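**Student:** Could you have a look at this structure, given as structure tokens, before my questions?
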Amino acid sequence: MILMRAIIVYNTMTGNTRDLASKMKNVLEKFDIEADIYPDNKIKNKVRTSKTFFESYDLLCFGSCTHAWAPALSFSSFLNIVKKHELSGKKLICFATSASSTAWKDTCKNIKRRFPNLEHLGNFGCSNRNSTNTLQEFSKLNLKKKKN
Ligand SMILES: Cc1cc2nc3c(=O)[nH]c(=O)nc-3n(C[C@H](O)[C@H](O)[C@H](O)COP(=O)(O)O)c2cc1C
């Protein structure tokens, strides 16, 4: 079985989405999936200038806090840069946090809509830091890459 390499990019204002992102990284590691994790603002310039930034990743995990039932504006602007990259064949996981128990779903849908050609593996999210059930669901994903 060949393993995937993942990148997790998140946008956070008060730390909830960073908390979920780092717990998702721990889950991926339990499945022997190497995951790099970054806040969007740390890599935005690199993503803008390096055409090969995502080349080595099979799995893209993009997540944001929810602002007005959508990703934070700065994350939307980051995703607009990401969209210019050649991403065919990669898999996508969307994640988000929100104050309400459901608004994160709108944020995930918004992220997913931007990448209609990627294989979407799922949306994951929670209210603030209540991620226990979310991580249980996330752990059920079959993330092993199939041999050609
Ligand atoms: C400006 C702003 C707008 C927000 N809008 C929503 C919203 O529309 N729906 C919601 O459920 N939560 C909303 N929230 C709450 C945050 O999405 C929620 O607390 C989230 O977990 C924060 O993530 P963070 O700690 O990663 O910044 C908003 C928070 C802020 C600061």
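Ordering of the structure tokens sets the chain letters (A, B, ...); residue numbers start at 1 within each chain; ligands are numbered from 1 in the order shown.
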What residues of the protein or nucleic acid chains come within 6 Å of ligand 1 when you use only C-alpha atoms and all ligand atoms? Reply as a PyMOL selection string.
**Tutor:** chain A and resi 12-18+65-69+97-100+103+128
**Student:** Please extract the residues of region 16-105 of chain A with a backbone DSSP assignment of strand (DSSP E or B) and present them as a PyMOL selection string.
**Tutor:** chain A and resi 34-39+59-66+71+91-98
**Student:** Restrict the selected residues to N, CA and C atoms and save them as a tab-separated table (two decimals), in the first residue's frame.
**Tutor:**
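Done, and the output landed in result-v1.tsv:
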chain	number	residue	atom	x	y	z
A	34	GLU	N	2.13	11.35	6.40
A	34	GLU	CA	2.92	12.52	6.76
A	34	GLU	C	2.13	13.77	6.38
A	35	ALA	N	1.97	14.69	7.31
A	35	ALA	CA	1.19	15.90	7.01
A	35	ALA	C	1.97	17.14	7.43
A	36	ASP	N	2.16	18.04	6.47
A	36	ASP	CA	2.70	19.36	6.79
A	36	ASP	C	1.52	20.24	7.16
A	37	ILE	N	1.72	21.11	8.13
A	37	ILE	CA	0.60	21.96	8.58
A	37	ILE	C	1.06	23.41	8.65
A	38	TYR	N	0.23	24.29	8.07
A	38	TYR	CA	0.59	25.71	8.03
A	38	TYR	C	-0.65	26.58	8.21
A	39	PRO	N	-0.48	27.72	8.89
A	39	PRO	CA	-1.51	28.76	8.78
A	39	PRO	C	-1.38	29.40	7.41
A	59	LEU	N	-2.88	14.85	-0.88
A	59	LEU	CA	-4.10	15.20	-0.15
A	59	LEU	C	-4.00	16.64	0.36
A	60	LEU	N	-5.00	17.44	-0.04
A	60	LEU	CA	-5.04	18.84	0.39
A	60	LEU	C	-6.15	18.99	1.43
A	61	CYS	N	-5.81	19.46	2.62
A	61	CYS	CA	-6.81	19.69	3.67
A	61	CYS	C	-6.87	21.18	3.94
A	62	PHE	N	-7.99	21.81	3.57
A	62	PHE	CA	-8.13	23.25	3.69
A	62	PHE	C	-9.23	23.57	4.70
A	63	GLY	N	-8.91	24.44	5.66
A	63	GLY	CA	-9.92	24.74	6.68
A	63	GLY	C	-9.87	26.17	7.18
A	64	SER	N	-11.03	26.64	7.61
A	64	SER	CA	-11.13	28.03	8.06
A	64	SER	C	-12.12	28.16	9.21
A	65	CYS	N	-11.93	29.19	9.99
A	65	CYS	CA	-12.99	29.62	10.89
A	65	CYS	C	-14.14	30.16	10.03
A	66	THR	N	-15.30	30.27	10.63
A	66	THR	CA	-16.48	30.75	9.89
A	66	THR	C	-16.72	32.22	10.21
A	71	PRO	N	-15.90	31.12	4.71
A	71	PRO	CA	-14.52	31.20	5.19
A	71	PRO	C	-14.13	32.65	5.47
A	91	LYS	N	-6.54	14.87	-3.87
A	91	LYS	CA	-7.77	14.71	-3.08
A	91	LYS	C	-7.94	15.91	-2.15
A	92	LEU	N	-9.19	16.19	-1.84
A	92	LEU	CA	-9.50	17.38	-1.03
A	92	LEU	C	-10.33	17.00	0.20
A	93	ILE	N	-9.90	17.55	1.35
A	93	ILE	CA	-10.72	17.49	2.57
A	93	ILE	C	-10.93	18.93	3.03
A	94	CYS	N	-12.20	19.26	3.33
A	94	CYS	CA	-12.50	20.61	3.82
A	94	CYS	C	-12.85	20.51	5.30
A	95	PHE	N	-12.41	21.51	6.05
A	95	PHE	CA	-12.79	21.53	7.47
A	95	PHE	C	-13.00	22.97	7.92
A	96	ALA	N	-13.77	23.11	9.02
A	96	ALA	CA	-14.10	24.45	9.50
A	96	ALA	C	-14.60	24.37	10.93
A	97	THR	N	-14.55	25.50	11.60
A	97	THR	CA	-15.20	25.62	12.91
A	97	THR	C	-16.13	26.84	12.87
A	98	SER	N	-17.11	26.80	13.75
A	98	SER	CA	-18.06	27.92	13.83
A	98	SER	C	-18.61	27.96	15.25
**Student:** Write out as a PyMOL selection string each polymer residue whose atoms come within 9 Å of region 26-28 of chain A, counting only C-alpha atoms; drop sequence neighbours fewer than 2 positions from it.
**Tutor:** chain A and resi 6+21-24+30-35+135+138-139+143
**Student:** Kindly save the residues from that selection, with C-alpha atoms included, as a PDB file, in the first residue's frame.
**Tutor:**
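Wrote again38.pdb, looks like this:
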ATOM      1  CA  ALA A   6      -0.876  15.598   3.019  1.00  0.00           C
ATOM      2  CA  ALA A  21      -6.148  21.263  12.235  1.00  0.00           C
ATOM      3  CA  SER A  22      -3.449  20.013  14.582  1.00  0.00           C
ATOM      4  CA  LYS A  23      -5.699  17.233  15.891  1.00  0.00           C
ATOM      5  CA  MET A  24      -6.412  16.202  12.284  1.00  0.00           C
ATOM      6  CA  LYS A  30      -1.761   7.456  13.254  1.00  0.00           C
ATOM      7  CA  PHE A  31      -2.402   6.231   9.710  1.00  0.00           C
ATOM      8  CA  ASP A  32       1.277   6.840   8.828  1.00  0.00           C
ATOM      9  CA  ILE A  33       0.348   9.779   6.620  1.00  0.00           C
ATOM     10  CA  GLU A  34       2.916  12.522   6.756  1.00  0.00           C
ATOM     11  CA  ALA A  35       1.192  15.897   7.006  1.00  0.00           C
ATOM     12  CA  LEU A 135     -12.229  13.494  14.911  1.00  0.00           C
ATOM     13  CA  PHE A 138     -12.358  11.818  10.438  1.00  0.00           C
ATOM     14  CA  SER A 139     -10.631   8.665  11.742  1.00  0.00           C
ATOM     15  CA  LEU A 143      -6.929   7.408   3.411  1.00  0.00           C
TER      16      LEU A 143
END
**Student:** In terms of the shortest atom-to-atom distance over only C-alpha atoms, which of A:Tyr10, A:Gly89, A:Gly122, A:Leu20 is closest to Lys140 (chain A)?
**Tutor:**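 Between A:Tyr10, A:Gly89, A:Gly122, A:Leu20, the residue approaching Lys140 (chain A) most closely is A:Gly122.
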**Student:** Using only C-alpha atoms, which of the listed residues (A:Glu137, A:Glu86, A:Glu29, A:Asp19) sits closest to Thr52 (chain A)?
**Tutor:**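 Closest to Thr52 (chain A), using only C-alpha atoms: A:Glu86.
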**Student:** Run DSSP on the backbone of this structure and report the residues of region 6-60 of chain A it assigns to helix (DSSP H, G or I), as a list in words.
**Tutor:**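 Result set for region 6-60 of chain A (helix (DSSP H, G or I)): Asn16, Thr17, Arg18, Asp19, Leu20, Ala21, Ser22, Lys23, Met24, Lys25, Asn26, Val27, Leu28, Glu29, Lys30, Asp40, Asn41, Lys42, Ile43, Lys44, Asn45, Lys46, Val47, Arg48 and Thr49 of chain A.
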**Student:** Deliver the residues from the most recent selection as a file, using C-alpha atoms, as a PDB file, in the first residue's frame.
**Tutor:**
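Contents of part-v6.pdb, freshly written:
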ATOM      1  CA  ASN A  16     -10.188  26.986  17.351  1.00  0.00           C
ATOM      2  CA  THR A  17      -9.455  26.048  13.753  1.00  0.00           C
ATOM      3  CA  ARG A  18      -5.746  25.661  14.498  1.00  0.00           C
ATOM      4  CA  ASP A  19      -6.727  23.270  17.304  1.00  0.00           C
ATOM      5  CA  LEU A  20      -8.856  21.183  14.916  1.00  0.00           C
ATOM      6  CA  ALA A  21      -6.148  21.263  12.235  1.00  0.00           C
ATOM      7  CA  SER A  22      -3.449  20.013  14.582  1.00  0.00           C
ATOM      8  CA  LYS A  23      -5.699  17.233  15.891  1.00  0.00           C
ATOM      9  CA  MET A  24      -6.412  16.202  12.284  1.00  0.00           C
ATOM     10  CA  LYS A  25      -2.659  16.031  11.729  1.00  0.00           C
ATOM     11  CA  ASN A  26      -2.382  13.663  14.726  1.00  0.00           C
ATOM     12  CA  VAL A  27      -5.076  11.422  13.239  1.00  0.00           C
ATOM     13  CA  LEU A  28      -3.296  11.346   9.867  1.00  0.00           C
ATOM     14  CA  GLU A  29      -0.043  10.400  11.598  1.00  0.00           C
ATOM     15  CA  LYS A  30      -1.761   7.456  13.254  1.00  0.00           C
ATOM     16  CA  ASP A  40      -2.472  30.312   5.435  1.00  0.00           C
ATOM     17  CA  ASN A  41      -0.682  33.593   6.121  1.00  0.00           C
ATOM     18  CA  LYS A  42       2.665  31.807   6.606  1.00  0.00           C
ATOM     19  CA  ILE A  43       2.658  30.296   3.113  1.00  0.00           C
ATOM     20  CA  LYS A  44       0.566  32.726   1.066  1.00  0.00           C
ATOM     21  CA  ASN A  45       3.527  34.408  -0.629  1.00  0.00           C
ATOM     22  CA  LYS A  46       5.267  31.111  -1.318  1.00  0.00           C
ATOM     23  CA  VAL A  47       2.070  29.677  -2.833  1.00  0.00           C
ATOM     24  CA  ARG A  48       1.759  32.806  -4.978  1.00  0.00           C
ATOM     25  CA  THR A  49       5.295  32.555  -6.330  1.00  0.00           C
TER      26      THR A  49
END
**Student:** What is the distance, in Å and to one decimal place, between CA of Lys83 (chain A) and CA of Arg129 (chain A)?
**Tutor:**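 These two atoms are separated by 28.7 Å.
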**Student:** What lies within 6 Å of Asp58 (chain A) using only C-alpha atoms, ignoring chain neighbours under 4 positions off, as a ChimeraX atom specification?
**Tutor:** /A:4-5,90
**Student:** Work out how far apart CA of Trp104 (chain A) and CA of Asn11 (chain A) are and give it in Å to one decimal.
**Tutor:**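 Computing the Euclidean distance for CA of Trp104 (chain A) and CA of Asn11 (chain A) yields 13.0 Å.
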**Student:** Just to confirm, what's the straight-line distance from CA of Leu79 (chain A) to CA of Phe124 (chain A) in Å (one decimal)?
**Tutor:**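 Taking CA of Leu79 (chain A) as the start and CA of Phe124 (chain A) as the end point, the length is 17.7 Å.
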